[in-house]
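Student: One structure, as structure tokens, below. Some questions next.
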Amino acid sequence: MNALDKKLLRDVRQIWTQVLAVALVMAAGVATIIIAIGAHRSLDDTRSAYYERYRFADVFSSATRAPVSIVDRIAEIPGVASAEGRIVKPVLLDIAGMAEPASGLAISLPPGRAPHLNALFMRVGRLPAADAGFEVVVSESFADAHGFVPGSRFKGLINGRQRVLSVTGIALSPEYIYALGPGDVMPDDRRFGILWMAEETLEAAFDLDGAVNTLGVKLLKGASEAAVIERLDQLLARYGGLGAYGRKDQPSHAFLDSELEELEGMRNVLPPIFMVVTVFLINMIMTRMIALEREQIGLLKAVGYSRMSIAMHYVKFVLIISAVGIAVGYGLGQWLGRGLTRVYAEFFRYPFLIFDNSLDVFILAAATTMTAALLGAASAVWQAAALPPAVAMREPAPTAYHSMLSGRFNPFAVFDQVTRMTLRHMARRPIRAGGTLLGIALSLSLLISSLFVFDAIEFMIDMLYFRADRQHATLSFADDRHQRTLYEAARLPGVIRAEPARSIPARIRHGHLSRRLAITGKPENAELSRVLDLDMQPVRMPRSGIILSDKLADLLEVNTGNYVTVELLEGHRRVIDIVVAGKVRSYIGLLAAMDLTALNQLSGEGEVISGVNLAIDSNQILQLYDKVKALPAVASITLQRVSLARFRETLAQNITTMMLVYTSLGVIIAFGVAYNSARIQLSERARELASLRVLGFTRGEVSRILLNELAILTTLAQPIGWAGGYGLAWLTAKGLDTEVHRIPFVIDRDTFAWASVVLIVAVAVSGFIVRLRINKLDLIAVLKTRD
């Protein structure tokens with residue numbers, strides 16, 4: 001080890017606390033890269049492997065009743081690798097120990113074999129026997145919520161008749177990774193489950209002998225999905241086909257895609273913030289170190305060390321800090337990345353987990369961090385290399401002091417002596433003060449952009465559950481019913497008000513753009529389930545025209561007054577051009593709504609409804625539950641209060657964890673910037689502070705001289721950080737803007753206040769640590785040291 005390397009290690013030991021503070025900021029940047037890219041790849045690879053091993057279909061379609069022979073005809077379509085038909089029907093469930101009814105989806109299994117498509121991963125047990133009555137395999141999440149094991153029993157209302165269902169197995173399916181019940185905005189494992197039953201059992205129960213109502217298709221590699229969908233729709237049209245669609249419109253797959261998009265958005269926003277702070281901190285440390293070592297640099301050059309040797313000496317110092325940051329960041333990123341991936345895997349119920357640990361992610365994170373560090377050190381290292389020996393060994397020119405403002409109108413005269421000293425020091429080093437100000441402001445911005453999500457969620461809850469959908473429950477029927485069913489629903493126990501609703505699957509087009517969704521019909525004077533305009537005010541349903549959510553209008557590139565083509569996918573399958581009567585606000589999925597009467601006229605099927613929204617007297621809710629469990633027409637019941645509780649619970653599990661991570665990262669930036677700034681000031685002004693102590697200043701007064709600057713910069717950083725946080729929160733909201741869900745851009749004043757409190761605490765802790773060092777100053781040793 002040569003002399004420069006020994007000096008290098010000595011330098012690292014002397015300022016190890018500053019090295020650690022900067023390394024932590026670097027580590028946070030490395031960790032965010034590994035978390036975002038690693039978790040994204042892990043989830044994507046796990047999903048892809050699951051889809052491939054269990055043959056997840058590429059195209060899906062439903063029909064009212066199609067003969068089994070249609071499957072062979074579909075398999076002959078060019079580009080189709082395989083096709084499979086089955087029966088899928090909603091059922092109402094009565095679970096012991098659970099007052100409210102649960103909902104289920106009964107899916108047929110082919111006799112004597114596992115499905116060719118959407119195969120089951122059997123966690124435990126066996127498939128139902130064809131001749132053993134109502135045996136079922138249940139989805140794992142539903143089984144866990146109720147403690148079901150093979151041999152457990154529960155009741156189900158299947159096509160109007162109550163049956164006792166016996167559990168033979170527990171399974172997972174790639175088709176229902178994200179199993180969303182009817183009317184729910186979040187999965188509710190207690191109230192919705194998937195039930196796989198023998199094909200013969202469901203054929204007999206629903207009078208579908210030799211028929212199917214749902215089909216899945218696997219495509220050959222390179223096949224045209226659009227062409228297969230078009231031909232599939234043609235074949236199923238005569239059997240009441242509801243329109244085929246690809247994976248991107250399959251609910252479970254679409255929700256998974258939106259989660260992956262969110263992780264990708266995190267990758268694009270957070271790492272650059274840490275890299276900018278890294279550049280500043282490295283520049284600050286290296287500039288001060290080289291300024292203190294001018295004489296040493298001159299001596300080294302005088303005894304024969306080359307410019308390159310001197311430059312590489314300081315580059316090595318930067319690389320040591322980077323190596324510490326990369327090592328800590330890699331370990332932290334691996335730990336948090338695995339944890340985050342496991343959280344997603346458990347939430348989405350994957351049967352296995354593939355964690356991506358690719359070398360290229362580590363190389364990218366390391367290269368990005370080292371590049372940022374070397375950029376920060378470049379100017380200081382160049383100064384050291386270019387400094388002539390004779391100049392380096394001379395005392396640096398003394399600082400030219402002059403009166404900043406003098407005369408009668410000197411604004412600084414109002415401050416005490418200590419504060420004026422602080423302001424003069426800041427004014428004479430504006431670049432460093434500005435960098436510290438920017439670093440503190442960036443940390444505050446990150447804190448605000450993390451905490452604002454809680455404001456957005458509360459706003460969403462208020463909008464979804466208290467302004468728009470104000471009903472207590474929604475009854476969905478197994479088949480469309482005549483509107484007089486509304487009066488029967490109104491007579492159910494505890495019902496205070498009942499409003500009709502209808503949902504028709506449709507494809508809405510504008511030019512080459514189209515989306516497949518359900519058009520919702522609402523009464524003109526709806527009070528329970530309403531739509532809200534862009535100003536969050538209730539909209540009276542227009543007697544003509546269609547209302548689109550702002551997201552759907554953006555996707556179709558239409559505005560109020562434009563015409564869209566609506567193709568209904570059931571009944572008479574009418575196609576008509578309809579004017580867009582307005583745009584409304586929606587944060588979950590895509591929304592298209594019409595006046596109920598106008599929608600029924602468009603479908604040509606008379607006064608038909610598919611569900612009823614209810615306001616209920618809570619004192620009679622149990623009687624209502626008992627009655628609904630026995631109603632053959634009801635396929636499911638959605639309970640707003642239960643849905644709200646589940647919504648909060650799910651977000652508490654996922655969002656709170658992520659926001660805690662982001663908040664911690666913001667605190668790391670604030671601490672790293674504040675601590676390094678204060679430590680460098682201490683090293684620069686140690687002689688000055690010691691002199692003041694000798695002259696009679698107390699420790700508190702001396703500390704105030706140093707820490708005043710930190711307090712002033714933190715105060716000045718508040719409005720800058722608030723503005724930056726506002727912008728970063730807007731970028732976060734945009735990054736979470738998908739077709740599946742969006743979050744509103746809403747920030748309460750309390751959020752700015754709490755973010756500032758967290759920031760001030762982090763800065764105060766760093767200041768307290770520096771204050772302890774000031775208290776331990778060796779006055780004699782410091783005064784003997786040359787500046």
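We label chains A, B, ... in the order they appear in the structure tokens, count residues from 1 in each chain, and number ligands from 1 in the order shown.
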Please provide the set of residues having any atom within 9 Å of A:Thr287, restricted to only C-alpha atoms, with same-chain residues fewer than 3 positions apart removed, written as a PyMOL selection string.
Tutor: chain A and resi 282-284+290-292+377+379-381+383
Student: Using only C-alpha atoms, find each residue of stretch 587-627 of chain A with at least one atom at most 12 Å away from an atom of stretch 540-543 of chain A; report its shortest atom-to-atom pair and that distance in Å (one decimal), sort the rows by chain and rising residue number, and return the result as a Markdown table.
Tutor:
| residue | atom | partner | partner_atom | distance |
| --- | --- | --- | --- | --- |
| A:Ala592 | CA | A:Met541 | CA | 11.6 |
| A:Ala593 | CA | A:Met541 | CA | 8.2 |
| A:Met594 | CA | A:Met541 | CA | 6.6 |
| A:Asp595 | CA | A:Met541 | CA | 5.3 |
| A:Leu596 | CA | A:Met541 | CA | 8.6 |
| A:Thr597 | CA | A:Arg543 | CA | 7.9 |
| A:Ala598 | CA | A:Arg543 | CA | 6.4 |
| A:Leu599 | CA | A:Arg543 | CA | 9.5 |
| A:Asn600 | CA | A:Arg543 | CA | 11.7 |
| A:Gln601 | CA | A:Arg543 | CA | 11.0 |
| A:Leu602 | CA | A:Arg543 | CA | 11.9 |
Student: Point out the residue among A:Ile637, A:Val22, A:Ala372, A:Met460 with the least atom-to-atom distance to A:Pro271, counting only C-alpha atoms.
Tutor: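 With only C-alpha atoms as the atom set, the closest residue is A:Ala372.
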Student: So that I can check the secondary structure, give me every residue of stretch 530-564 of chain A assigned strand (DSSP E or B) by backbone DSSP, as a list of chain:residue names.
Tutor: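 So the strand (DSSP E or B) residues in stretch 530-564 of chain A would be A:Leu532, A:Asp533, A:Pro538, A:Ile546, A:Ile547, A:Leu548, A:Ser549, A:Tyr563, A:Val564.
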Student: Those residues you just picked out, can you put them in a file as a tab-separated table (two decimals), in the first residue's frame with N, CA and C atoms?
Tutor:
chain	number	residue	atom	x	y	z
A	532	LEU	N	-71.21	12.08	-10.70
A	532	LEU	CA	-70.80	13.44	-10.35
A	532	LEU	C	-70.03	14.06	-11.50
A	533	ASP	N	-70.30	15.34	-11.75
A	533	ASP	CA	-69.59	16.02	-12.84
A	533	ASP	C	-68.16	16.35	-12.42
A	538	PRO	N	-73.75	16.47	-8.35
A	538	PRO	CA	-74.59	15.42	-8.94
A	538	PRO	C	-75.10	15.82	-10.32
A	546	ILE	N	-75.28	10.06	-24.05
A	546	ILE	CA	-74.55	9.20	-23.13
A	546	ILE	C	-73.55	10.03	-22.35
A	547	ILE	N	-73.33	9.68	-21.11
A	547	ILE	CA	-72.36	10.36	-20.26
A	547	ILE	C	-71.13	9.46	-20.11
A	548	LEU	N	-69.95	10.02	-20.30
A	548	LEU	CA	-68.70	9.26	-20.19
A	548	LEU	C	-67.85	9.81	-19.06
A	549	SER	N	-67.11	8.92	-18.42
A	549	SER	CA	-66.14	9.38	-17.43
A	549	SER	C	-65.01	10.12	-18.14
A	563	TYR	N	-69.99	12.64	-31.26
A	563	TYR	CA	-70.77	11.41	-31.36
A	563	TYR	C	-69.84	10.20	-31.22
A	564	VAL	N	-70.34	9.18	-30.54
A	564	VAL	CA	-69.64	7.90	-30.44
A	564	VAL	C	-70.57	6.81	-30.96
Student: Compare A:Leu92, A:Ile457, A:Leu447, A:Ala489 by their minimum atom-to-atom distance to A:Gly724, counting only C-alpha atoms, and give me the closest one.
Tutor: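 Closest to A:Gly724 of all the choices is A:Leu447.
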Student: So that I can check the surroundings of A:Glu739, please list as a list of chain:residue names every protein, DNA and RNA residue that reaches within 10 Å of it, counting only C-alpha atoms and ignoring chain neighbours fewer than 6 positions away.
Tutor: A:Asp249, A:Ala254, A:Phe255, A:Asp257, A:Ser258, A:Lys551, A:Leu552, A:Leu555, A:Tyr587, A:Ile588, A:Gly589, A:Leu590
Student: Run DSSP on the backbone and grab whatever in stretch 134-355 of chain A lands in helix (DSSP H, G or I); send it over as a ChimeraX atom specification.
Tutor: /A:140-146,174-176,199-205,225-239,247-249,251-292,294-302,307-348
Student: Write out as number ranges by chain the residues lying within 9 Å of stretch 417-426 of chain A, counting only C-alpha atoms and excluding same-chain residues fewer than 5 positions away.
Tutor: A: 404, 412, 431-434, 701-702, 704-709, 712
Student: I need the residues from that last selection saved to file as a CSV table (one decimal), in the first residue's frame (with N, CA and C atoms), if you can.
Tutor:
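Final output, out-v1.csv:
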chain,number,residue,atom,x,y,z
A,404,MET,N,-21.9,44.5,3.8
A,404,MET,CA,-22.9,44.1,2.8
A,404,MET,C,-23.9,45.2,2.5
A,412,PHE,N,-30.2,44.7,7.9
A,412,PHE,CA,-29.6,43.7,8.8
A,412,PHE,C,-29.4,44.3,10.2
A,431,ILE,N,-23.4,29.5,-3.3
A,431,ILE,CA,-23.6,28.3,-4.0
A,431,ILE,C,-23.8,27.1,-3.1
A,432,ARG,N,-22.9,27.1,-2.0
A,432,ARG,CA,-23.1,26.0,-1.0
A,432,ARG,C,-24.4,26.2,-0.3
A,433,ALA,N,-24.8,27.4,0.1
A,433,ALA,CA,-26.0,27.7,0.8
A,433,ALA,C,-27.2,27.3,-0.1
A,434,GLY,N,-27.1,27.6,-1.4
A,434,GLY,CA,-28.2,27.3,-2.3
A,434,GLY,C,-28.3,25.8,-2.5
A,701,GLU,N,-24.1,30.1,22.5
A,701,GLU,CA,-24.0,31.1,21.6
A,701,GLU,C,-23.1,30.7,20.4
A,702,VAL,N,-22.1,29.9,20.7
A,702,VAL,CA,-21.2,29.4,19.6
A,702,VAL,C,-22.0,28.5,18.7
A,704,ARG,N,-25.1,28.4,18.3
A,704,ARG,CA,-26.2,29.2,17.5
A,704,ARG,C,-25.6,29.8,16.3
A,705,ILE,N,-24.3,30.2,16.3
A,705,ILE,CA,-23.7,30.8,15.2
A,705,ILE,C,-23.6,29.8,14.0
A,706,LEU,N,-23.3,28.6,14.4
A,706,LEU,CA,-23.2,27.5,13.4
A,706,LEU,C,-24.6,27.0,12.9
A,707,LEU,N,-25.4,26.7,13.9
A,707,LEU,CA,-26.7,26.1,13.5
A,707,LEU,C,-27.8,27.1,13.1
A,708,ASN,N,-27.5,28.4,13.3
A,708,ASN,CA,-28.5,29.4,12.7
A,708,ASN,C,-28.6,29.3,11.2
A,709,GLU,N,-27.5,29.0,10.6
A,709,GLU,CA,-27.6,28.9,9.1
A,709,GLU,C,-28.5,27.7,8.7
A,712,ILE,N,-32.0,28.8,9.2
A,712,ILE,CA,-32.5,29.7,8.2
A,712,ILE,C,-32.8,29.0,6.9
Student: Restrict the calculation to only C-alpha atoms, then for each residue of stretch 162-253 of chain A with any atom at most 7 Å from an atom of stretch 117-131 of chain A give the closest atom pair and their distance in Å to one decimal, rows by chain and rising residue number, as a Markdown table.
Tutor:
| residue | atom | partner | partner_atom | distance |
| --- | --- | --- | --- | --- |
| A:Thr168 | CA | A:Gly125 | CA | 5.7 |
| A:Gly169 | CA | A:Gly125 | CA | 3.9 |
| A:Ile170 | CA | A:Val124 | CA | 5.4 |
| A:Ala171 | CA | A:Met122 | CA | 4.4 |
| A:Leu172 | CA | A:Phe121 | CA | 5.0 |
| A:Ser173 | CA | A:Leu120 | CA | 5.1 |
| A:Pro174 | CA | A:Asn118 | CA | 6.2 |
| A:Glu175 | CA | A:Asn118 | CA | 6.2 |
| A:Met197 | CA | A:Pro128 | CA | 6.1 |
| A:Ala198 | CA | A:Ala130 | CA | 5.2 |
| A:Glu200 | CA | A:Ala130 | CA | 6.2 |
| A:Thr201 | CA | A:Ala130 | CA | 6.9 |
Student: Could you give me, as an mmCIF file with N, CA and C atoms, in the first residue's frame, the residues within 9 Å of A:Leu689, counting only C-alpha atoms and dropping anything in the same chain fewer than 4 positions from it?
Tutor:
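So the final result, stored in out.cif, reads:
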data_model
loop_
_atom_site.group_PDB
_atom_site.id
_atom_site.type_symbol
_atom_site.label_atom_id
_atom_site.label_comp_id
_atom_site.auth_asym_id
_atom_site.auth_seq_id
_atom_site.Cartn_x
_atom_site.Cartn_y
_atom_site.Cartn_z
ATOM 1 N N LEU A 682 -18.577 23.353 10.425
ATOM 2 C CA LEU A 682 -17.794 23.197 11.651
ATOM 3 C C LEU A 682 -16.308 23.061 11.344
ATOM 4 N N ARG A 685 -15.032 26.543 10.259
ATOM 5 C CA ARG A 685 -15.102 27.646 11.215
ATOM 6 C C ARG A 685 -14.697 27.231 12.633
ATOM 7 N N ARG A 693 -15.116 31.244 21.804
ATOM 8 C CA ARG A 693 -15.229 30.635 23.133
ATOM 9 C C ARG A 693 -14.205 31.246 24.087
ATOM 10 N N VAL A 694 -12.983 31.447 23.557
ATOM 11 C CA VAL A 694 -11.936 32.041 24.390
ATOM 12 C C VAL A 694 -12.294 33.472 24.777
ATOM 13 N N PHE A 697 -17.717 33.791 24.660
ATOM 14 C CA PHE A 697 -19.003 33.290 24.173
ATOM 15 C C PHE A 697 -19.302 31.942 24.828
ATOM 16 N N VAL A 702 -22.060 29.935 20.656
ATOM 17 C CA VAL A 702 -21.211 29.439 19.574
ATOM 18 C C VAL A 702 -21.990 28.458 18.695
ATOM 19 N N SER A 703 -22.755 27.568 19.332
ATOM 20 C CA SER A 703 -23.566 26.615 18.559
ATOM 21 C C SER A 703 -24.597 27.343 17.715
ATOM 22 N N ILE A 705 -24.319 30.247 16.340
ATOM 23 C CA ILE A 705 -23.684 30.824 15.157
ATOM 24 C C ILE A 705 -23.648 29.795 14.026
ATOM 25 N N LEU A 706 -23.316 28.552 14.390
ATOM 26 C CA LEU A 706 -23.204 27.517 13.372
ATOM 27 C C LEU A 706 -24.565 27.001 12.911
ATOM 28 N N ILE A 774 -19.558 20.259 18.776
ATOM 29 C CA ILE A 774 -19.119 21.612 19.157
ATOM 30 C C ILE A 774 -18.773 21.646 20.639
ATOM 31 N N LEU A 779 -10.221 23.455 22.431
ATOM 32 C CA LEU A 779 -9.903 24.839 22.060
ATOM 33 C C LEU A 779 -8.424 25.031 21.762
#
Student: Restricting the calculation to only C-alpha atoms, which member of A:Glu225, A:Phe466, A:Asn676, A:Asp626 is positioned closest to A:Met286?
Tutor: A:Asn676
Student: Quote the spacing between atom CA of A:Ile273 and atom CA of A:Asp44 in Å to one decimal place.
Tutor: 25.8 Å
Student: Hey, can you check how far atom CA of A:Leu528 sits from atom CA of A:Asn613?
Tutor: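 Computing it gives 6.9 Å between the two atoms.
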Student: For a test of reading the model, state the distance in Å between atom CA of A:Ile448 and atom CA of A:Thr738, rounded to one decimal.
Tutor: 22.0 Å
Student: Choose the residue, out of A:Thr214, A:Gln537, A:Ser610, A:Ser450, that has the smallest atom-to-atom separation from A:Arg484; count only C-alpha atoms.
Tutor: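 Of A:Thr214, A:Gln537, A:Ser610, A:Ser450, the one nearest A:Arg484 is A:Ser610, counting only C-alpha atoms.
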Student: Tell me, as a PyMOL selection string, which residues lie within 10 Å of A:Ala102, counting only C-alpha atoms; anything in the same chain fewer than 3 positions away does not count.
Tutor: chain A and resi 91-95+98-99+156+181+188-193+629+635-638
Student: Between A:Ile34, A:Ile769, A:Val667, A:Val137, which residue has the minimum interatomic distance to A:Ser443, considering only C-alpha atoms?
Tutor: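 So, comparing all the options, the nearest one is A:Val667.
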Student: Enumerate, in order of chain and increasing residue number, the residues of stretch 51-84 of chain A with an atom no farther than 12 Å from stretch 351-357 of chain A, each with its shortest atom pair and distance in Å to one decimal, counting only C-alpha atoms, as JSON lines.
Tutor:
{"residue": "A:Tyr51", "atom": "CA", "partner": "A:Pro351", "partner_atom": "CA", "distance": 11.2}
{"residue": "A:Arg53", "atom": "CA", "partner": "A:Pro351", "partner_atom": "CA", "distance": 11.1}
{"residue": "A:Tyr54", "atom": "CA", "partner": "A:Pro351", "partner_atom": "CA", "distance": 10.7}
